[in-house]
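File shown here: query_15.tsv, holding TSV, C-alpha atoms.
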```tsv
chain	number	residue	atom	x	y	z
A	841	MET	CA	11.54	-37.47	8.19
A	842	GLU	CA	8.51	-36.28	10.16
A	843	LYS	CA	10.77	-34.06	12.24
A	844	GLN	CA	12.10	-32.43	9.10
A	845	LYS	CA	8.55	-31.78	7.90
A	846	ARG	CA	7.62	-30.15	11.20
A	847	LYS	CA	10.77	-28.06	11.12
A	848	LYS	CA	10.05	-26.92	7.58
A	849	HIS	CA	6.43	-26.17	8.47
A	850	GLY	CA	7.59	-24.18	11.50
A	851	ALA	CA	10.00	-22.14	9.39
A	852	HIS	CA	7.15	-21.37	6.98
A	853	ASN	CA	4.95	-20.08	9.81
A	854	GLU	CA	7.82	-18.03	11.17
A	855	SER	CA	8.37	-16.35	7.79
A	856	LYS	CA	4.67	-15.54	7.61
A	857	SER	CA	4.85	-13.66	10.93
A	858	LEU	CA	7.69	-11.48	9.64
A	859	TRP	CA	5.34	-9.45	7.42
A	860	ASN	CA	4.95	-6.68	10.00
A	861	TYR	CA	4.04	-3.82	7.66
A	862	THR	CA	2.57	-0.61	9.07
A	863	LEU	CA	-1.01	0.45	8.45
A	864	SER	CA	-1.75	3.81	6.88
A	865	PRO	CA	-4.34	5.94	8.73
A	866	GLY	CA	-7.87	4.78	7.97
A	867	TRP	CA	-6.90	1.22	6.99
A	868	SER	CA	-7.99	-1.98	8.74
A	869	GLN	CA	-6.24	-5.34	8.55
A	870	GLU	CA	-9.18	-6.76	6.61
A	871	GLU	CA	-8.95	-3.98	4.02
A	872	VAL	CA	-5.22	-4.63	3.63
A	873	LYS	CA	-5.93	-8.32	2.99
A	874	ILE	CA	-8.33	-7.30	0.23
A	875	LEU	CA	-5.76	-4.85	-1.20
A	876	LYS	CA	-3.14	-7.61	-1.26
A	877	LEU	CA	-5.48	-9.83	-3.30
A	878	ALA	CA	-6.37	-6.95	-5.62
A	879	LEU	CA	-2.70	-6.13	-6.26
A	880	GLN	CA	-2.00	-9.77	-7.00
A	881	LYS	CA	-5.02	-10.06	-9.28
A	882	PHE	CA	-4.50	-6.86	-11.29
A	883	GLY	CA	-0.84	-5.98	-10.70
A	884	ILE	CA	1.08	-3.18	-8.99
A	885	GLY	CA	0.11	0.17	-10.46
A	886	LYS	CA	-3.23	-0.99	-11.84
A	887	TRP	CA	-5.00	1.49	-9.61
A	888	ARG	CA	-7.92	2.12	-11.96
A	889	SER	CA	-8.70	-1.61	-12.21
A	890	ILE	CA	-8.71	-1.87	-8.41
A	891	ILE	CA	-11.06	1.12	-8.05
A	892	GLN	CA	-13.40	-0.17	-10.76
A	893	SER	CA	-13.56	-3.64	-9.15
A	894	GLU	CA	-15.33	-1.99	-6.15
A	895	CYS	CA	-13.48	-4.22	-3.70
A	896	LEU	CA	-12.33	-1.15	-1.72
A	897	PRO	CA	-15.06	1.43	-2.39
A	898	ASP	CA	-14.03	3.86	0.33
A	899	LYS	CA	-10.39	4.08	-0.74
A	900	SER	CA	-8.84	6.56	-3.18
A	901	ILE	CA	-5.90	5.89	-5.50
A	902	GLY	CA	-3.69	7.97	-3.21
A	903	GLN	CA	-4.62	5.85	-0.18
A	904	ILE	CA	-4.07	2.62	-2.10
A	905	TYR	CA	-0.69	3.86	-3.37
A	906	ILE	CA	0.57	4.74	0.12
A	907	GLN	CA	-0.59	1.47	1.67
A	908	THR	CA	1.04	-0.46	-1.19
A	909	GLN	CA	4.32	1.28	-0.38
A	910	ARG	CA	4.07	0.10	3.21
A	911	MET	CA	3.17	-3.45	2.19
A	912	LEU	CA	6.24	-3.65	-0.06
A	913	GLY	CA	8.46	-1.81	2.41
A	914	GLN	CA	9.72	0.77	-0.08
A	915	GLN	CA	8.62	4.16	-1.35
A	916	SER	CA	9.41	3.70	-5.05
A	917	LEU	CA	7.03	1.33	-6.84
A	918	GLY	CA	8.43	1.87	-10.34
A	919	ASP	CA	10.43	-1.39	-10.36
A	920	PHE	CA	7.24	-3.40	-9.76
A	921	MET	CA	4.77	-1.68	-12.08
A	922	GLY	CA	2.40	-4.16	-13.72
A	923	LEU	CA	3.73	-7.13	-11.75
A	924	GLN	CA	1.59	-9.67	-9.88
A	925	ILE	CA	3.89	-10.61	-7.04
A	926	ASP	CA	4.36	-12.03	-3.57
A	927	LEU	CA	4.23	-8.76	-1.64
A	928	GLU	CA	5.32	-10.36	1.60
A	929	LYS	CA	8.53	-11.67	0.05
A	930	VAL	CA	9.41	-8.19	-1.23
A	931	TRP	CA	8.74	-6.68	2.21
A	932	ILE	CA	10.94	-9.26	3.94
A	933	ASP	CA	13.83	-8.58	1.54
A	934	ASN	CA	13.50	-4.82	2.06
A	935	ASN	CA	13.27	-5.25	5.82
A	936	GLN	CA	16.57	-7.14	5.83
A	937	LYS	CA	18.47	-4.44	3.94
A	938	LYS	CA	21.21	-2.68	5.90
A	939	GLY	CA	22.62	0.80	5.52
A	940	VAL	CA	19.53	2.27	3.84
A	941	MET	CA	17.36	5.26	4.74
A	942	ARG	CA	13.77	4.58	5.79
A	943	LYS	CA	10.60	6.57	6.31
A	944	ASN	CA	7.46	5.06	7.86
A	945	GLY	CA	9.21	1.69	7.61
A	946	CYS	CA	9.81	2.08	3.86
A	947	VAL	CA	13.18	2.11	2.12
A	948	ILE	CA	13.86	5.49	0.49
A	949	ASN	CA	15.59	5.60	-2.87
A	950	THR	CA	18.55	7.98	-2.46
A	951	GLY	CA	20.23	7.19	-5.80
A	952	ASP	CA	19.63	8.49	-9.29
A	953	ASN	CA	16.40	7.58	-11.06
A	954	PRO	CA	16.91	4.73	-13.54
A	955	ASN	CA	16.57	5.34	-17.26
A	956	LYS	CA	13.98	3.52	-19.36
A	957	GLU	CA	16.19	0.50	-20.11
A	958	GLU	CA	17.37	0.18	-16.51
A	959	ARG	CA	13.78	0.33	-15.29
A	960	LYS	CA	12.73	-2.33	-17.78
A	961	GLN	CA	15.57	-4.59	-16.62
A	962	ARG	CA	14.68	-4.14	-12.94
A	963	ILE	CA	11.04	-4.94	-13.60
A	964	GLU	CA	12.03	-8.15	-15.40
A	965	GLU	CA	14.35	-9.16	-12.54
A	966	ASN	CA	11.56	-8.59	-10.03
A	967	ARG	CA	9.15	-10.54	-12.23
A	968	GLN	CA	11.43	-13.57	-12.15
A	969	LYS	CA	12.14	-13.24	-8.43
A	970	TYR	CA	8.74	-12.39	-6.95
A	971	SER	CA	5.96	-13.33	-9.42
A	972	ILE	CA	3.12	-15.59	-8.29
A	973	THR	CA	1.81	-18.32	-10.58
A	974	GLN	CA	-1.05	-17.98	-13.04
A	975	GLU	CA	-2.91	-20.68	-11.11
A	976	GLU	CA	-2.74	-18.55	-7.97
A	977	ILE	CA	-4.00	-15.49	-9.86
A	978	ILE	CA	-6.98	-17.36	-11.33
A	979	LYS	CA	-8.06	-18.52	-7.86
A	980	ILE	CA	-8.22	-14.95	-6.47
A	981	LYS	CA	-11.78	-13.87	-5.69
A	982	LEU	CA	-12.41	-10.27	-4.68
A	983	PRO	CA	-15.39	-9.04	-2.67
A	984	ARG	CA	-17.54	-6.34	-4.21
A	985	PHE	CA	-19.11	-3.63	-2.10
A	986	LYS	CA	-21.61	-0.90	-2.86
A	987	ASN	CA	-20.37	2.55	-1.94
A	988	ASP	CA	-23.24	4.44	-0.37
A	989	CYS	CA	-21.20	7.62	-0.03
A	990	VAL	CA	-22.31	10.51	-2.22
A	991	ALA	CA	-19.31	11.34	-4.39
A	992	LYS	CA	-18.52	14.71	-5.91
A	993	TYR	CA	-17.92	14.39	-9.64
A	994	PHE	CA	-15.90	17.14	-11.29
A	995	THR	CA	-15.97	18.11	-14.94
A	996	ILE	CA	-12.88	17.53	-17.11
A	997	GLN	CA	-12.15	21.25	-16.99
A	998	GLU	CA	-12.33	21.25	-13.18
A	999	ILE	CA	-10.10	18.17	-12.91
A	1000	GLU	CA	-7.44	19.72	-15.14
A	1001	ASN	CA	-7.26	22.71	-12.82
A	1002	ASP	CA	-3.91	23.08	-11.01
A	1003	GLN	CA	-5.54	22.74	-7.58
A	1004	PHE	CA	-5.20	18.93	-7.77
A	1005	THR	CA	-2.09	16.77	-7.54
A	1006	THR	CA	-1.40	14.19	-10.26
A	1007	ILE	CA	-2.73	11.36	-8.05
A	1008	GLU	CA	-5.87	13.36	-7.22
A	1009	LYS	CA	-6.47	14.13	-10.92
A	1010	LEU	CA	-6.17	10.43	-11.76
A	1011	GLN	CA	-8.65	9.58	-8.99
A	1012	HIS	CA	-11.17	12.14	-10.23
A	1013	PHE	CA	-10.84	10.95	-13.84
A	1014	VAL	CA	-11.48	7.35	-12.70
A	1015	ASN	CA	-14.54	8.47	-10.69
A	1016	LEU	CA	-15.86	10.34	-13.72
A	1017	GLU	CA	-15.24	7.38	-16.00
A	1018	VAL	CA	-17.05	5.00	-13.65
A	1019	GLU	CA	-20.05	7.35	-13.37
A	1020	ILE	CA	-20.24	7.84	-17.16
A	1021	ASP	CA	-20.05	4.08	-17.69
A	1022	LYS	CA	-22.96	3.58	-15.27
A	1023	LYS	CA	-25.04	6.22	-17.06
A	1024	VAL	CA	-24.32	4.69	-20.49
A	1025	LYS	CA	-25.31	1.21	-19.29
A	1026	LYS	CA	-28.51	2.61	-17.77
A	1027	ILE	CA	-29.42	4.35	-21.05
A	1028	GLN	CA	-28.68	1.17	-23.04
A	1029	LEU	CA	-30.87	-0.85	-20.68
A	1030	MET	CA	-33.73	1.63	-21.03
A	1031	LYS	CA	-33.45	1.62	-24.84
A	1032	SER	CA	-33.41	-2.17	-24.88
A	1033	HIS	CA	-36.50	-2.26	-22.65
A	1034	ASN	CA	-38.32	0.26	-24.83
A	1035	ASN	CA	-37.47	-1.66	-28.00
A	1036	GLY	CA	-38.82	-4.82	-26.39
A	1037	ASN	CA	-42.10	-3.12	-25.56
A	1038	SER	CA	-42.36	-1.73	-29.10
A	1039	ASN	CA	-41.97	-5.19	-30.60
A	1040	LEU	CA	-44.53	-6.62	-28.20
A	1041	ASN	CA	-47.05	-3.91	-29.06
A	1042	GLY	CA	-46.46	-4.40	-32.78
A	1043	ASN	CA	-47.09	-8.13	-32.50
A	1044	GLY	CA	-50.16	-7.54	-30.37
A	1045	ASN	CA	-51.72	-5.18	-32.91
A	1046	HIS	CA	-50.99	-7.62	-35.69
A	1047	ILE	CA	-52.75	-10.43	-33.85
A	1048	HIS	CA	-55.69	-8.19	-33.01
A	1049	ASN	CA	-56.12	-7.15	-36.66
A	1050	ASN	CA	-56.06	-10.78	-37.81
A	1051	HIS	CA	-58.73	-11.61	-35.27
A	1052	LEU	CA	-60.94	-8.80	-36.61
A	1053	ASP	CA	-60.46	-10.03	-40.20
A	1054	GLN	CA	-61.59	-13.49	-39.16
A	1055	GLN	CA	-64.74	-12.09	-37.54
A	1056	LYS	CA	-65.60	-10.29	-40.79
```

Would you mind writing the structure in this file as structure tokens?
Amino acid sequence: MEKQKRKKHGAHNESKSLWNYTLSPGWSQEEVKILKLALQKFGIGKWRSIIQSECLPDKSIGQIYIQTQRMLGQQSLGDFMGLQIDLEKVWIDNNQKKGVMRKNGCVINTGDNPNKEERKQRIEENRQKYSITQEEIIKIKLPRFKNDCVAKYFTIQEIENDQFTTIEKLQHFVNLEVEIDKKVKKIQLMKSHNNGNSNLNGNGNHIHNNHLDQQK
């Protein structure tokens, strides 16, 4: 019985070591660990949520997208959009595929793009096969870092210019949204502070006037 347990435990450790994904330029192993947690917490394709969580402040949506491809072992992410999954299990299955084309260790889709119904069916199949439990998701805690880099914020007109790719446009829109949200919160805080001071001054004058009446 104990031997079986050790054998099972050994097989588990062996499967863990199989996740030999490649790192994109500029990524560390620690950052990839954080990205894995973020993808499991928010879901594949929830790039804006990952950026706004500030767990990877120095990474763009494009960088996160490419590293996610490498962690799953395939270029197309459409069949996993919105899913909170065991990324390692997907990578292992892709790594074991035979007779497929690969680039940077990722399986390339050489067939026709699926239609809407086919895509929906594939996503549901992957949900049943690879999803992690809600208990696991709840336990995920992400670090939060302050980005000290000075970012360049473009206007909406500048972002919509054709000089940017779709991924770059999305990244700039997210950056702009985050900055606007910070400004709005700062204004609300200042207004709240000013209102508090106004109430305090009003009460103070009222008390002072009462005191003068009593002296009369």

Separation of CA of Cys895 in chain A and CA of Ile963 in chain A, in Å?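 That distance, rounded to one decimal, is 26.5 Å.
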
Taking into account only C-alpha atoms, which residue in the set A:Ile904, A:Leu896, A:Ile948, A:Ile891 is nearest to Leu1016 in chain A?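 Of all the options, A:Ile891 lies closest to Leu1016 in chain A.
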
Interatomic distance, CA of Gln914 in chain A to CA of Arg962 in chain A (Å, one decimal):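 CA of Arg962 in chain A lies at a distance of 14.6 Å from CA of Gln914 in chain A.
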
Which residue, A:Gln924, A:Asn944, A:Ser1032, A:Asn934, has the smallest gap to Glu964 in chain A when you use all atoms listed in the file?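 Checking each candidate against Glu964 in chain A, we get A:Gln924 as the closest.
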
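Counting all atoms listed in the file, Ser864 in chain A has the following residues at most 12 Å away, ignoring those fewer than 2 positions along the same chain: Tyr861, Thr862, Gly866, Trp867, Ser868, Gln869, Glu871, Val872, Lys899, Gly902, Gln903, Ile904, Tyr905, Ile906, Gln907, Thr908, Gln909, Arg910, Met911, Asn944 and Gly945 of chain A.
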
Can you give me all heavy atoms for range 917-928 of chain A, written as a PDB file, keeping the file's coordinate frame?
```pdb
ATOM      1  N   LEU A 917       7.723   2.519  -6.327  1.00  0.00           N
ATOM      2  CA  LEU A 917       7.030   1.330  -6.840  1.00  0.00           C
ATOM      3  C   LEU A 917       7.343   1.081  -8.320  1.00  0.00           C
ATOM      4  O   LEU A 917       6.857   0.111  -8.899  1.00  0.00           O
ATOM      5  CB  LEU A 917       5.512   1.511  -6.679  1.00  0.00           C
ATOM      6  CG  LEU A 917       4.994   1.780  -5.263  1.00  0.00           C
ATOM      7  CD1 LEU A 917       3.474   1.890  -5.278  1.00  0.00           C
ATOM      8  CD2 LEU A 917       5.443   0.699  -4.292  1.00  0.00           C
ATOM      9  N   GLY A 918       8.166   1.946  -8.910  1.00  0.00           N
ATOM     10  CA  GLY A 918       8.430   1.870 -10.340  1.00  0.00           C
ATOM     11  C   GLY A 918       8.995   0.544 -10.816  1.00  0.00           C
ATOM     12  O   GLY A 918       8.701   0.097 -11.927  1.00  0.00           O
ATOM     13  N   ASP A 919       9.798  -0.120  -9.968  1.00  0.00           N
ATOM     14  CA  ASP A 919      10.430  -1.390 -10.360  1.00  0.00           C
ATOM     15  C   ASP A 919       9.463  -2.568 -10.310  1.00  0.00           C
ATOM     16  O   ASP A 919       9.843  -3.702 -10.644  1.00  0.00           O
ATOM     17  CB  ASP A 919      11.634  -1.690  -9.456  1.00  0.00           C
ATOM     18  CG  ASP A 919      12.748  -0.671  -9.637  1.00  0.00           C
ATOM     19  OD1 ASP A 919      12.701   0.081 -10.624  1.00  0.00           O
ATOM     20  OD2 ASP A 919      13.662  -0.626  -8.783  1.00  0.00           O
ATOM     21  N   PHE A 920       8.222  -2.315  -9.876  1.00  0.00           N
ATOM     22  CA  PHE A 920       7.240  -3.400  -9.760  1.00  0.00           C
ATOM     23  C   PHE A 920       5.976  -3.136 -10.583  1.00  0.00           C
ATOM     24  O   PHE A 920       5.034  -3.929 -10.516  1.00  0.00           O
ATOM     25  CB  PHE A 920       6.835  -3.584  -8.295  1.00  0.00           C
ATOM     26  CG  PHE A 920       7.956  -4.035  -7.415  1.00  0.00           C
ATOM     27  CD1 PHE A 920       8.726  -3.118  -6.715  1.00  0.00           C
ATOM     28  CD2 PHE A 920       8.277  -5.382  -7.291  1.00  0.00           C
ATOM     29  CE1 PHE A 920       9.779  -3.527  -5.907  1.00  0.00           C
ATOM     30  CE2 PHE A 920       9.319  -5.805  -6.490  1.00  0.00           C
ATOM     31  CZ  PHE A 920      10.078  -4.868  -5.793  1.00  0.00           C
ATOM     32  N   MET A 921       5.975  -2.056 -11.364  1.00  0.00           N
ATOM     33  CA  MET A 921       4.770  -1.680 -12.080  1.00  0.00           C
ATOM     34  C   MET A 921       4.294  -2.779 -13.036  1.00  0.00           C
ATOM     35  O   MET A 921       5.059  -3.278 -13.859  1.00  0.00           O
ATOM     36  CB  MET A 921       5.002  -0.388 -12.865  1.00  0.00           C
ATOM     37  CG  MET A 921       4.970   0.851 -11.997  1.00  0.00           C
ATOM     38  SD  MET A 921       3.348   1.083 -11.235  1.00  0.00           S
ATOM     39  CE  MET A 921       3.690   2.382 -10.050  1.00  0.00           C
ATOM     40  N   GLY A 922       3.013  -3.146 -12.873  1.00  0.00           N
ATOM     41  CA  GLY A 922       2.400  -4.160 -13.720  1.00  0.00           C
ATOM     42  C   GLY A 922       2.612  -5.585 -13.251  1.00  0.00           C
ATOM     43  O   GLY A 922       2.032  -6.514 -13.827  1.00  0.00           O
ATOM     44  N   LEU A 923       3.401  -5.780 -12.193  1.00  0.00           N
ATOM     45  CA  LEU A 923       3.730  -7.130 -11.750  1.00  0.00           C
ATOM     46  C   LEU A 923       2.714  -7.667 -10.742  1.00  0.00           C
ATOM     47  O   LEU A 923       2.209  -6.934  -9.889  1.00  0.00           O
ATOM     48  CB  LEU A 923       5.127  -7.167 -11.118  1.00  0.00           C
ATOM     49  CG  LEU A 923       6.305  -6.750 -12.015  1.00  0.00           C
ATOM     50  CD1 LEU A 923       7.619  -6.941 -11.278  1.00  0.00           C
ATOM     51  CD2 LEU A 923       6.302  -7.542 -13.320  1.00  0.00           C
ATOM     52  N   GLN A 924       2.438  -8.951 -10.842  1.00  0.00           N
ATOM     53  CA  GLN A 924       1.590  -9.670  -9.880  1.00  0.00           C
ATOM     54  C   GLN A 924       2.519 -10.532  -9.036  1.00  0.00           C
ATOM     55  O   GLN A 924       2.997 -11.567  -9.472  1.00  0.00           O
ATOM     56  CB  GLN A 924       0.567 -10.514 -10.649  1.00  0.00           C
ATOM     57  CG  GLN A 924      -0.428  -9.655 -11.435  1.00  0.00           C
ATOM     58  CD  GLN A 924      -1.056 -10.383 -12.591  1.00  0.00           C
ATOM     59  OE1 GLN A 924      -0.386 -10.706 -13.568  1.00  0.00           O
ATOM     60  NE2 GLN A 924      -2.353 -10.645 -12.509  1.00  0.00           N
ATOM     61  N   ILE A 925       2.756 -10.083  -7.818  1.00  0.00           N
ATOM     62  CA  ILE A 925       3.890 -10.610  -7.040  1.00  0.00           C
ATOM     63  C   ILE A 925       3.501 -11.036  -5.627  1.00  0.00           C
ATOM     64  O   ILE A 925       2.404 -10.757  -5.149  1.00  0.00           O
ATOM     65  CB  ILE A 925       4.999  -9.554  -6.949  1.00  0.00           C
ATOM     66  CG1 ILE A 925       4.447  -8.259  -6.318  1.00  0.00           C
ATOM     67  CG2 ILE A 925       5.605  -9.274  -8.320  1.00  0.00           C
ATOM     68  CD1 ILE A 925       5.488  -7.194  -6.041  1.00  0.00           C
ATOM     69  N   ASP A 926       4.467 -11.683  -4.979  1.00  0.00           N
ATOM     70  CA  ASP A 926       4.360 -12.030  -3.570  1.00  0.00           C
ATOM     71  C   ASP A 926       4.828 -10.811  -2.775  1.00  0.00           C
ATOM     72  O   ASP A 926       6.027 -10.589  -2.589  1.00  0.00           O
ATOM     73  CB  ASP A 926       5.247 -13.251  -3.275  1.00  0.00           C
ATOM     74  CG  ASP A 926       5.116 -13.749  -1.843  1.00  0.00           C
ATOM     75  OD1 ASP A 926       4.727 -12.953  -0.964  1.00  0.00           O
ATOM     76  OD2 ASP A 926       5.421 -14.930  -1.602  1.00  0.00           O
ATOM     77  N   LEU A 927       3.890 -10.002  -2.313  1.00  0.00           N
ATOM     78  CA  LEU A 927       4.230  -8.760  -1.640  1.00  0.00           C
ATOM     79  C   LEU A 927       5.007  -8.991  -0.349  1.00  0.00           C
ATOM     80  O   LEU A 927       5.903  -8.218  -0.004  1.00  0.00           O
ATOM     81  CB  LEU A 927       2.951  -7.951  -1.316  1.00  0.00           C
ATOM     82  CG  LEU A 927       2.253  -7.259  -2.480  1.00  0.00           C
ATOM     83  CD1 LEU A 927       1.406  -8.236  -3.282  1.00  0.00           C
ATOM     84  CD2 LEU A 927       1.385  -6.116  -1.991  1.00  0.00           C
ATOM     85  N   GLU A 928       4.668 -10.062   0.337  1.00  0.00           N
ATOM     86  CA  GLU A 928       5.320 -10.360   1.600  1.00  0.00           C
ATOM     87  C   GLU A 928       6.816 -10.637   1.403  1.00  0.00           C
ATOM     88  O   GLU A 928       7.657 -10.191   2.183  1.00  0.00           O
ATOM     89  CB  GLU A 928       4.652 -11.585   2.246  1.00  0.00           C
ATOM     90  CG  GLU A 928       5.275 -11.996   3.571  1.00  0.00           C
ATOM     91  CD  GLU A 928       4.596 -13.208   4.164  1.00  0.00           C
ATOM     92  OE1 GLU A 928       3.517 -13.574   3.669  1.00  0.00           O
ATOM     93  OE2 GLU A 928       5.148 -13.780   5.103  1.00  0.00           O
TER      94      GLU A 928
END
```
